[in-house]
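Chemist: Below you'll find final-v2.cif; it's mmCIF, C-alpha atoms.
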```cif
data_target
loop_
_atom_site.label_atom_id
_atom_site.label_comp_id
_atom_site.auth_asym_id
_atom_site.auth_seq_id
_atom_site.Cartn_x
_atom_site.Cartn_y
_atom_site.Cartn_z
CA MET A 208 0.00 0.00 0.00
CA ALA A 209 1.16 3.53 -0.71
CA LEU A 210 1.71 6.11 2.03
CA ILE A 211 0.46 9.67 2.00
CA ASP A 212 3.15 11.88 0.47
CA THR A 213 4.12 13.57 3.75
CA ASP A 214 4.98 10.19 5.31
CA TYR A 215 7.74 9.20 2.87
CA TYR A 216 10.63 11.29 4.19
CA ALA A 217 12.00 11.78 7.70
CA GLU A 218 15.30 13.22 8.81
CA ARG A 219 17.09 11.45 11.64
CA ASP A 220 20.36 11.94 13.49
CA VAL A 221 22.50 9.34 11.71
CA GLU A 222 26.07 10.27 10.77
CA HIS A 223 26.80 7.62 8.17
CA SER A 224 25.22 6.89 4.82
CA ALA A 225 22.14 4.65 5.00
CA GLN A 226 19.75 2.69 2.85
CA GLY A 227 17.03 4.99 1.57
CA ASP A 228 19.23 8.10 1.39
CA ILE A 229 18.43 10.20 -1.69
CA HIS A 230 21.19 12.21 -3.38
CA LEU A 231 21.11 14.59 -6.35
CA ASP A 232 23.14 14.56 -9.59
CA LEU A 233 24.36 10.98 -9.70
CA PRO A 234 25.57 9.27 -12.91
CA PHE A 235 23.82 6.04 -13.94
CA THR A 236 25.60 4.04 -16.63
CA VAL A 237 24.72 1.06 -18.81
CA ALA A 238 27.25 -1.24 -20.50
CA THR A 239 26.38 -2.73 -23.87
CA VAL A 240 28.24 -3.79 -27.04
CA ALA A 241 29.71 -1.41 -29.57
CA ALA A 242 28.28 -3.34 -32.51
CA GLU A 243 24.64 -2.77 -33.38
CA GLU A 244 22.53 -5.22 -31.40
CA GLU A 245 20.29 -7.66 -33.27
CA PRO A 246 16.70 -8.07 -32.05
CA PRO A 247 16.28 -11.12 -29.78
CA ARG A 248 15.24 -14.27 -31.63
CA GLY A 249 13.95 -16.24 -28.66
CA ALA A 250 16.70 -18.88 -28.79
CA ARG A 251 19.72 -18.88 -26.50
CA LYS A 252 23.11 -18.25 -28.11
CA ARG A 253 26.54 -19.00 -26.74
CA PRO A 254 28.61 -15.85 -26.12
CA ASP A 255 30.70 -14.85 -29.13
CA GLU A 256 33.86 -12.97 -28.20
CA GLU A 257 34.09 -11.55 -31.73
CA GLU A 258 30.71 -9.79 -31.64
CA GLY A 259 32.06 -6.41 -30.57
CA ASP A 260 33.77 -4.39 -27.89
CA VAL A 261 32.11 -3.16 -24.75
CA ALA A 262 30.52 0.27 -25.01
CA ILE A 263 29.34 2.50 -22.14
CA ARG A 264 26.32 4.61 -22.93
CA PRO A 265 26.41 8.27 -21.89
CA PRO A 266 25.34 8.33 -18.23
CA LEU A 267 21.90 9.37 -17.09
CA LEU A 268 22.38 12.19 -14.57
CA ALA A 269 19.56 11.96 -12.04
CA PRO A 270 18.73 11.82 -8.34
CA GLY A 271 19.32 8.38 -6.85
CA ILE A 272 18.33 6.30 -3.84
CA VAL A 273 20.75 4.07 -1.91
CA CYS A 274 19.56 0.45 -2.18
CA SER A 275 22.40 -1.34 -0.35
CA TYR A 276 21.41 -2.33 3.17
CA THR A 277 23.03 -0.15 5.83
CA CYS A 278 24.60 -2.82 8.04
CA GLY A 279 26.03 -4.47 4.92
CA PHE A 280 28.44 -1.59 4.32
CA THR A 281 28.95 0.10 7.70
CA ALA A 282 31.87 -1.10 9.81
CA GLN A 283 31.14 -3.88 12.27
CA PRO A 284 30.62 -4.37 15.15
CA PRO A 285 28.29 -1.42 15.89
CA GLY A 286 30.17 1.45 17.48
CA GLN A 287 33.12 1.18 15.09
CA ARG A 288 33.41 4.15 12.75
CA GLY A 289 33.94 3.84 9.01
CA TYR A 290 32.70 1.55 6.26
CA SER A 291 33.48 -2.07 5.48
CA HIS A 292 33.71 -1.34 1.72
CA PRO A 293 33.21 1.70 -0.55
CA PHE A 294 30.54 0.38 -2.93
CA ARG A 295 26.84 1.30 -2.93
CA LEU A 296 24.07 0.07 -5.21
CA VAL A 297 22.01 3.13 -6.13
CA ALA A 298 18.87 3.37 -8.29
CA PRO A 299 17.88 6.43 -10.36
CA ILE A 300 14.72 8.42 -9.70
CA MET A 301 12.57 9.83 -12.52
CA SER A 302 9.29 11.73 -12.58
CA LEU A 303 6.17 9.84 -13.60
CA THR A 304 5.58 12.41 -16.33
CA ALA A 305 8.98 11.46 -17.80
CA LEU A 306 8.17 7.74 -17.55
CA LYS A 307 4.85 8.37 -19.27
CA ALA A 308 6.65 10.23 -22.07
CA LEU A 309 9.00 7.24 -22.41
CA GLY A 310 6.04 4.95 -23.02
CA VAL A 311 4.92 3.63 -19.64
CA LYS A 312 1.14 3.24 -19.73
CA ALA A 313 -0.89 5.62 -17.58
CA ASN A 314 -2.73 2.63 -16.08
CA GLU A 315 0.56 1.17 -14.84
CA LEU A 316 1.53 4.50 -13.30
CA ARG A 317 -1.83 4.65 -11.51
CA LYS A 318 -1.25 1.14 -10.15
CA LEU A 319 2.18 2.24 -8.94
CA LYS A 320 0.71 5.24 -7.09
CA ASP A 321 -2.02 3.11 -5.53
CA SER A 322 0.15 0.17 -4.47
CA GLY A 323 3.41 1.94 -3.58
CA PHE A 324 5.54 -0.42 -5.66
CA LEU A 325 5.37 -2.60 -8.75
CA GLN A 326 7.92 -4.96 -10.30
CA GLY A 327 11.13 -2.90 -10.45
CA LEU A 328 9.54 0.43 -9.47
CA MET A 329 8.86 2.22 -6.17
CA TYR A 330 6.63 5.29 -5.93
CA LEU A 331 8.17 8.44 -4.42
CA PRO A 332 6.64 11.91 -4.10
CA GLN A 333 8.50 14.93 -5.38
CA SER A 334 9.27 17.69 -2.88
CA ASP A 335 10.79 21.15 -2.80
CA ARG A 336 14.24 19.52 -2.54
CA LEU A 337 13.47 16.67 -4.93
CA ARG A 338 11.91 18.61 -7.80
CA LEU A 339 12.01 16.70 -11.11
CA ASP A 340 9.33 18.49 -13.12
CA GLU A 341 10.50 22.03 -13.83
CA PRO A 342 8.36 23.97 -14.05
CA ALA A 343 5.83 22.02 -12.02
CA VAL A 344 3.38 20.36 -14.40
CA GLU A 345 -0.37 20.58 -13.99
CA GLU A 346 -1.42 17.07 -14.94
CA GLU A 347 -2.39 13.76 -13.36
CA PHE A 348 1.18 12.73 -12.47
CA GLY A 349 2.61 16.16 -11.66
CA GLY A 350 4.62 15.95 -8.45
CA ASP A 351 5.01 12.16 -8.65
CA ALA A 352 8.21 10.17 -9.14
CA ALA A 353 9.55 6.62 -9.01
CA ALA A 354 12.80 4.88 -8.12
CA LEU A 355 13.87 2.65 -11.03
CA LEU A 356 15.00 -0.34 -9.00
CA TYR A 357 15.41 -2.47 -12.12
CA ARG A 358 18.35 -0.39 -13.39
CA PRO A 359 20.73 0.38 -10.51
CA THR A 360 24.36 1.45 -10.81
CA LEU A 361 27.31 0.77 -8.52
CA LEU A 362 28.74 4.00 -7.08
CA THR A 363 31.30 4.70 -4.36
CA GLN A 364 30.70 6.33 -1.02
CA ALA A 365 33.21 9.02 -1.98
CA LEU A 366 30.92 10.12 -4.82
CA LEU A 367 27.83 10.09 -2.60
CA ASP A 368 29.68 12.24 -0.06
CA ARG A 369 30.19 14.87 -2.78
CA ARG A 370 26.55 15.04 -3.85
CA PRO A 371 23.78 16.78 -1.87
CA ARG A 372 21.64 14.44 0.20
CA VAL A 373 18.10 15.81 0.04
CA HIS A 374 16.06 13.17 1.87
CA ARG A 375 16.08 10.06 4.01
CA LEU A 376 13.23 7.61 3.88
CA SER A 377 10.93 7.27 6.86
CA GLU A 378 10.63 3.88 8.56
CA PRO A 379 7.45 2.86 6.69
CA ALA A 380 8.87 4.06 3.36
CA GLN A 381 12.04 2.07 3.97
CA ARG A 382 9.87 -1.01 4.58
CA ILE A 383 8.33 -0.45 1.14
CA LEU A 384 11.80 -0.03 -0.41
CA ILE A 385 12.97 -3.33 1.08
CA ALA A 386 9.88 -5.20 -0.16
CA ALA A 387 10.25 -3.62 -3.60
CA LEU A 388 13.93 -4.61 -3.77
CA VAL A 389 13.05 -8.20 -2.83
CA GLN A 390 10.42 -8.29 -5.57
CA SER A 391 12.84 -6.89 -8.15
CA VAL A 392 15.23 -9.87 -7.81
CA THR A 393 12.93 -12.71 -6.68
CA PRO A 394 9.47 -14.08 -7.55
CA ASN A 395 8.18 -12.92 -4.14
CA ARG A 396 6.07 -9.93 -3.20
CA PHE A 397 5.91 -9.31 0.54
CA ASP A 398 3.59 -7.03 2.45
CA PRO A 399 6.01 -4.34 3.69
CA PHE A 400 4.06 -4.08 6.95
CA ASP A 401 3.91 -7.78 7.75
CA GLU A 402 4.80 -8.07 11.45
CA GLY A 403 6.89 -11.15 10.67
CA LEU A 404 9.39 -9.12 8.65
CA ARG A 405 12.42 -7.64 10.39
CA ALA A 406 12.20 -3.89 10.95
CA PRO A 407 14.61 -1.67 8.95
CA ASP A 408 17.85 -0.58 10.60
CA LEU A 409 17.37 3.13 11.33
CA SER A 410 20.11 3.42 13.95
CA ASP A 411 23.36 5.34 13.92
CA SER A 412 25.64 2.33 14.22
CA TRP A 413 28.66 4.59 14.74
CA ASN A 414 27.07 5.86 17.96
CA PRO A 415 24.90 2.99 19.27
#
```
Could you rewrite the structure in this file as structure tokens?

Modeler:
Amino acid sequence: MALIDTDYYAERDVEHSAQGDIHLDLPFTVATVAAEEEPPRGARKRPDEEEGDVAIRPPLLAPGIVCSYTCGFTAQPPGQRGYSHPFRLVAPIMSLTALKALGVKANELRKLKDSGFLQGLMYLPQSDRLRLDEPAVEEEFGGDAAALLYRPTLLTQALLDRRPRVHRLSEPAQRILIAALVQSVTPNRFDPFDEGLRAPDLSDSWNP
């Protein structure tokens, strides 16, 4: 289920980076092949090393949300400062008006708003600090956005530290993010508010 827009973001006194942090101006890259790709034929092919060199598409510059789980990259045990490794999986955020222009059906976008998350997508409201439609658009999806969990990029903590952090997810919104991430890589869809699921880690593990 979706939350009301004002319940998605909540600042808290946590020094380190955390799952659900939203930063501006992050680069999202995609690797492909330099040769023109043939349309899929439905049959599996063995890899051919002669088919072409790797090509990196120009990056999409967009806000992004940290998907890596906090205790998976903070130093352990709790109370120890620093990070266990520098890498963070981060997903881009786009406005629903942009997704509609790219061909996503309006019905699917309505389902996303109503349910909070669909396969590979999580609904997020725009805000004064996370403004994606400039100027603000007066239409059905004006002020709405989504995290594209199906196309994350690996970034380093050093890059995140150099980009403005505009929001942190609230506890219920982080529950939705976790359920949406599970659904994006498994055949399972969990109720984010199932009491049997472990609560998100919202603590400052550097100062427990």

Chemist: Ranking A:Leu388, A:Ala242, A:Ile272, A:Val297 by minimum distance to Thr360 in chain A and counting all atoms listed in the file, which one comes first?

Modeler: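 Answer, going by the shortest atom-to-atom distance: A:Val297.
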
Chemist: Using all atoms listed in the file, what does the table of range 280-375 of chain A residues within 12 Å of range 397-409 of chain A look like, with each row giving the shortest atom pair and its distance in Å to one decimal, sorted by chain and ascending number, as JSON lines?

Modeler:
```
{"residue": "A:Thr281", "atom": "CA", "partner": "A:Asp408", "partner_atom": "CA", "distance": 11.5}
{"residue": "A:Pro285", "atom": "CA", "partner": "A:Asp408", "partner_atom": "CA", "distance": 11.7}
{"residue": "A:Ser322", "atom": "CA", "partner": "A:Asp398", "partner_atom": "CA", "distance": 10.6}
{"residue": "A:Gly323", "atom": "CA", "partner": "A:Pro399", "partner_atom": "CA", "distance": 10.0}
{"residue": "A:Phe324", "atom": "CA", "partner": "A:Pro399", "partner_atom": "CA", "distance": 10.1}
{"residue": "A:Leu325", "atom": "CA", "partner": "A:Phe397", "partner_atom": "CA", "distance": 11.5}
{"residue": "A:Gln326", "atom": "CA", "partner": "A:Phe397", "partner_atom": "CA", "distance": 11.9}
{"residue": "A:Arg375", "atom": "CA", "partner": "A:Leu409", "partner_atom": "CA", "distance": 10.2}
```

Chemist: Quick check, in Å to one decimal: how far apart do CA of Glu347 in chain A and CA of Leu316 in chain A lie?

Modeler: 10.1 Å

Chemist: What is the distance between CA of Gly349 in chain A and CA of Asp228 in chain A, in Å to one decimal?

Modeler: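 Those two atoms sit 22.6 Å apart.
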
Chemist: Quick one: residues within 12 Å of range 289-296 of chain A, only C-alpha atoms counted, chain neighbours fewer than 2 positions away excluded, as a PyMOL selection string?

Modeler: chain A and resi 222-228+233+235+271-287+298-299+356-368+388+411-414

Chemist: Find the residue from A:Ile263, A:Leu309, A:Leu210, A:Leu303 that sits nearest to Gln333 in chain A; use only C-alpha atoms when measuring.

Modeler: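 Nearest candidate to Gln333 in chain A out of A:Ile263, A:Leu309, A:Leu210, A:Leu303: A:Leu303.
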
Chemist: Expressed in Å to a single decimal, how great is the separation between CA of Ser377 in chain A and CA of Met301 in chain A?

Modeler: 19.6 Å

Chemist: Could you pull the residues within 12 Å of Ile211 in chain A, counting all atoms listed in the file, minus those fewer than 4 positions along the same chain, as an MDAnalysis selection string?

Modeler: chainID A and resid 215:216 320:323 330:332 351 377 379:380

Chemist: Calculated over all atoms listed in the file, which of the candidates A:Glu341, A:Ala209, A:Asp214, A:Ala262 has the smallest distance to Arg317 in chain A?

Modeler: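 Once distances to Arg317 in chain A are computed over all atoms listed in the file, the minimum belongs to A:Ala209.
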
Chemist: Which polymer residues have any atom within 7 Å of an atom of Ala387 in chain A, counting only C-alpha atoms, with same-chain residues fewer than 2 positions away left out, as a list of chain:residue names?

Modeler: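 Within the cut-off, the hits are A:Phe324, A:Gly327, A:Met329, A:Ile383, A:Leu384, A:Ile385, A:Val389, A:Gln390, A:Ser391.
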